[in-house]
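First up is the structure itself, then whatever we jot down about it.
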Number of protein chains: 2
Amino acid sequence: MNFSKALNILLAAALLVVVGIYSTRGTTAGDTRNNIAMSAKTATDIIHERSSIRSYTDTPLTEEQLETLVRAGMAAPSAMNKQPWQFIIVDDREKLDAFGDALQTSRMAKLAPAAIIVCGDLSKAGEGWLQQYWIQDVSAASQNILLAATDMGLGAVWTSVYPAPERMEVVSGILGLPEHIVPFNIIPVGYPDGEARPMDKWKPENVRRNGWE
Amino acid sequence: MNFSKALNILLAAALLVVVGIYSTRGTTAGDTRNNIAMSAKTATDIIHERSSIRSYTDTPLTEEQLETLVRAGMAAPSAMNKQPWQFIIVDDREKLDAFGDALQTSRMAKLAPAAIIVCGDLSKAGEGWLQQYWIQDVSAASQNILLAATDMGLGAVWTSVYPAPERMEVVSGILGLPEHIVPFNIIPVGYPDGEARPMDKWKPENVRRNGWE
């Protein structure tokens with residue numbers, strides 16, 4: 001009886017400790033992700049599990065999911081902290097279909113409930129040759145969006161627009177972009193339809209140590 | 001007595017369930033991160049907690065940490081899956097100091113135990129205007145490296161080399177790079193010396209819905 005009581009107390013204590021330890025995982029930045037349930041995986045897991053998802057279910061995304069994607073984009077580093085970007089959330093069916101119809105490379109926009117169009121804002125970019133950094137900055141922002149989508153159990157794909165002049169013209173036309181806003185890519189996003197198959201792209205020959213030779 | 005036994009069994013079962021649930025967290029891609037202990041945060045947390053770290057302790061990085069950084073870089077998406085990159089790990093003190101002495105923008109390399117130099121490999125890039133995609137591809141790879149560093153409790157900063165001709169010449173000289181390898185940035189990395197202060201860069205005015213207006 002005493003042993004049984006002691007065991008009760010021990011088990012209850014162990015349960016509290018285990019719940020206590022694990023309940024702090026992944027909760028430190030709750031406000032930046034709108035309290036959406038994220039995967040239980042680490043950032044490094046997500047980096048390796050991300051893959052290009054080109055087919056989606058009909059399920060629409062919530063406002064919170066869409067904002068979480070864009071917030072992740074804006075958290076990217078940028079040269080001289082210029083943040084030379086604009087993010088256009090598109091969930092208008094006609095516009096998504098228009099992207100897919102006009103651009104073979106973005107045809108999966110027709111299947112997606114939404115897309116993020118990442119744009120460079122040249123009015124915020126540097127002068128002269130420094131202006132070119134906007135391309136690096138919006139690329140980092142785009143990668144953040146893909147990783148945040150994976151983290152939320154969504155699937156997305158980076159379909160490029162810049163620097164193809166005809167694609168840029170199409171997207172600028174559909175969205176009514178002013179001159180200083182450069183459409184960089186279209187990222188269709190939704191719940192994956194089918195299994196993701198991340199590629200293993202590890203190639204030891206792509207690593208060198210302390211120099212070329 | 002019966003109640004106490006039943007409680008024992010219930011508590012033991014609950015403990016097993018809780019341990020079972022949580023022990024699967026963050027373990028699905030263990031081999032891609034060399035069994036290094038990662039932060040208990042989600043990818044979205046890490047995206048928001050990453051900041052540019054410019055000062056480091058003397059503690060050297062392990063081979064596993066360096067490889068994990070480079071593996072994260074290689075997991076990035078690339079246009080037409082060209083993977084047009086090379087990653088040069090530098091932990092030679094003289095070379096790190098040479099970067100810091102020659103390049104004001106990379107001066108923190110003198111404080112860092114290591115740096116990853118992300119390079120474009122033009123021999124693997126596309127033809128004609130498609131060649132320009134290497135810039136977007138290595139930018140995504142660089143962002144992955146910064147996030148993996150944050151995930152490991154390390155600090156890093158993206159210091160740009162491309163497209164500044166004089167910086168590119170310096171880095172190519174120090175590393176002995178051939179013509180087709182373009183040094184893109186220098187990412188000094190180490191254990192942070194001091195507190196990280198992530199910036200909140202959320203700006204609602206940088207988001208539009210379904211078009212510019």
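Residues in the structure tokens are numbered from 1 in each chain, the chains being A, B, ... in the order shown, and ligands are numbered from 1 in the order shown.
With chain A held fixed and chain B fitted to it over all Cα atoms, the RMSD is 0.7 Å.
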Give me the residues near stretch 170-183 of chain A as an mmCIF file with all heavy atoms, in the first residue's frame, where near means some atom within 6 Å (using only C-alpha atoms) and where sequence neighbours in that chain fewer than 6 positions away do not count.
```cif
data_model
loop_
_atom_site.group_PDB
_atom_site.id
_atom_site.type_symbol
_atom_site.label_atom_id
_atom_site.label_comp_id
_atom_site.auth_asym_id
_atom_site.auth_seq_id
_atom_site.Cartn_x
_atom_site.Cartn_y
_atom_site.Cartn_z
ATOM 1 N N CYS A 119 8.011 40.607 -54.659
ATOM 2 C CA CYS A 119 8.431 41.663 -55.580
ATOM 3 C C CYS A 119 9.606 42.439 -54.997
ATOM 4 O O CYS A 119 9.718 42.595 -53.782
ATOM 5 C CB CYS A 119 7.296 42.660 -55.807
ATOM 6 S SG CYS A 119 5.798 41.934 -56.493
ATOM 7 N N GLY A 120 10.460 42.939 -55.870
ATOM 8 C CA GLY A 120 11.472 43.904 -55.458
ATOM 9 C C GLY A 120 10.883 45.304 -55.519
ATOM 10 O O GLY A 120 10.103 45.613 -56.423
ATOM 11 N N ASP A 121 11.227 46.135 -54.548
ATOM 12 C CA ASP A 121 10.771 47.531 -54.541
ATOM 13 C C ASP A 121 11.995 48.411 -54.776
ATOM 14 O O ASP A 121 12.773 48.675 -53.858
ATOM 15 C CB ASP A 121 10.119 47.855 -53.195
ATOM 16 C CG ASP A 121 9.550 49.272 -53.159
ATOM 17 O OD1 ASP A 121 9.955 50.102 -54.005
ATOM 18 O OD2 ASP A 121 8.708 49.541 -52.283
ATOM 19 N N LEU A 122 12.168 48.827 -56.042
ATOM 20 C CA LEU A 122 13.384 49.550 -56.409
ATOM 21 C C LEU A 122 13.456 50.910 -55.726
ATOM 22 O O LEU A 122 14.542 51.478 -55.587
ATOM 23 C CB LEU A 122 13.478 49.704 -57.931
ATOM 24 C CG LEU A 122 13.563 48.391 -58.718
ATOM 25 C CD1 LEU A 122 13.830 48.667 -60.192
ATOM 26 C CD2 LEU A 122 14.627 47.450 -58.158
ATOM 27 N N GLY B 211 -3.443 42.500 -55.849
ATOM 28 C CA GLY B 211 -3.051 43.533 -56.799
ATOM 29 C C GLY B 211 -2.459 44.722 -56.072
ATOM 30 O O GLY B 211 -2.411 44.741 -54.840
ATOM 31 N N TRP B 212 -1.982 45.679 -56.845
ATOM 32 C CA TRP B 212 -1.291 46.811 -56.234
ATOM 33 C C TRP B 212 -2.226 47.742 -55.498
ATOM 34 O O TRP B 212 -1.931 48.209 -54.401
ATOM 35 C CB TRP B 212 -0.489 47.577 -57.293
ATOM 36 C CG TRP B 212 0.370 48.618 -56.666
ATOM 37 C CD1 TRP B 212 0.207 49.973 -56.706
ATOM 38 C CD2 TRP B 212 1.535 48.380 -55.859
ATOM 39 N NE1 TRP B 212 1.183 50.597 -55.988
ATOM 40 C CE2 TRP B 212 2.026 49.636 -55.450
ATOM 41 C CE3 TRP B 212 2.211 47.231 -55.442
ATOM 42 C CZ2 TRP B 212 3.159 49.779 -54.641
ATOM 43 C CZ3 TRP B 212 3.335 47.368 -54.640
ATOM 44 C CH2 TRP B 212 3.788 48.628 -54.248
#
```
(request) Run DSSP on the backbone of this structure and report the residues of chain A it assigns to strand (DSSP E or B), as a count of residues only. (result) 35
(request) List the neighbours of B:Ala114 out to 6 Å using only C-alpha atoms; skip same-chain residues closer than 2 positions along the sequence, and give me the result as a VMD selection string. (result) chain B and resid 90 to 91 112 188 to 189
(message) Quick check, in Å to one decimal: how far apart do atom CA of A:Tyr191 and atom CA of A:Asp97 lie?
(response) 17.6 Å
(request) Report as number ranges by chain: the residues of stretch 4-179 of chain A with a DSSP assignment of helix (DSSP H, G or I), based on the backbone of this structure. (result) A: 4-23, 30-33, 43-49, 63-74, 79-81, 93-102, 104-110, 128-151, 165-175
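The spacing separating atom CA of A:Lys110 from atom CA of A:Met38 amounts to 26.2 Å.
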(request) Would you kindly return, as a PyMOL selection string, each protein, DNA or RNA residue with an atom no farther than 9 Å from any atom of B:Val118, considering only C-alpha atoms and excluding same-chain residues fewer than 4 positions away? (result) chain B and resi 73+85-89+138-139+141-142+182-187
Residues from last step as file, C-alpha atoms, as a short mmCIF file (atom, residue, chain, number, x, y, z; two decimals), in the first residue's frame:
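File produced: out.cif:
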```cif
data_model
loop_
_atom_site.label_atom_id
_atom_site.label_comp_id
_atom_site.auth_asym_id
_atom_site.auth_seq_id
_atom_site.Cartn_x
_atom_site.Cartn_y
_atom_site.Cartn_z
CA GLY B 73 23.07 25.15 -48.08
CA TRP B 85 27.15 26.23 -56.31
CA GLN B 86 30.30 25.44 -54.39
CA PHE B 87 30.82 25.89 -50.66
CA ILE B 88 34.28 26.63 -49.32
CA ILE B 89 34.76 26.06 -45.61
CA VAL B 138 23.04 30.72 -53.97
CA SER B 139 20.99 33.35 -52.09
CA ALA B 141 21.42 28.41 -50.06
CA SER B 142 22.94 31.24 -48.01
CA VAL B 182 32.24 33.31 -58.56
CA PRO B 183 32.65 34.16 -54.87
CA PHE B 184 29.19 35.27 -53.78
CA ASN B 185 29.48 36.02 -50.07
CA ILE B 186 31.49 35.33 -46.92
CA ILE B 187 29.50 33.97 -43.97
#
```
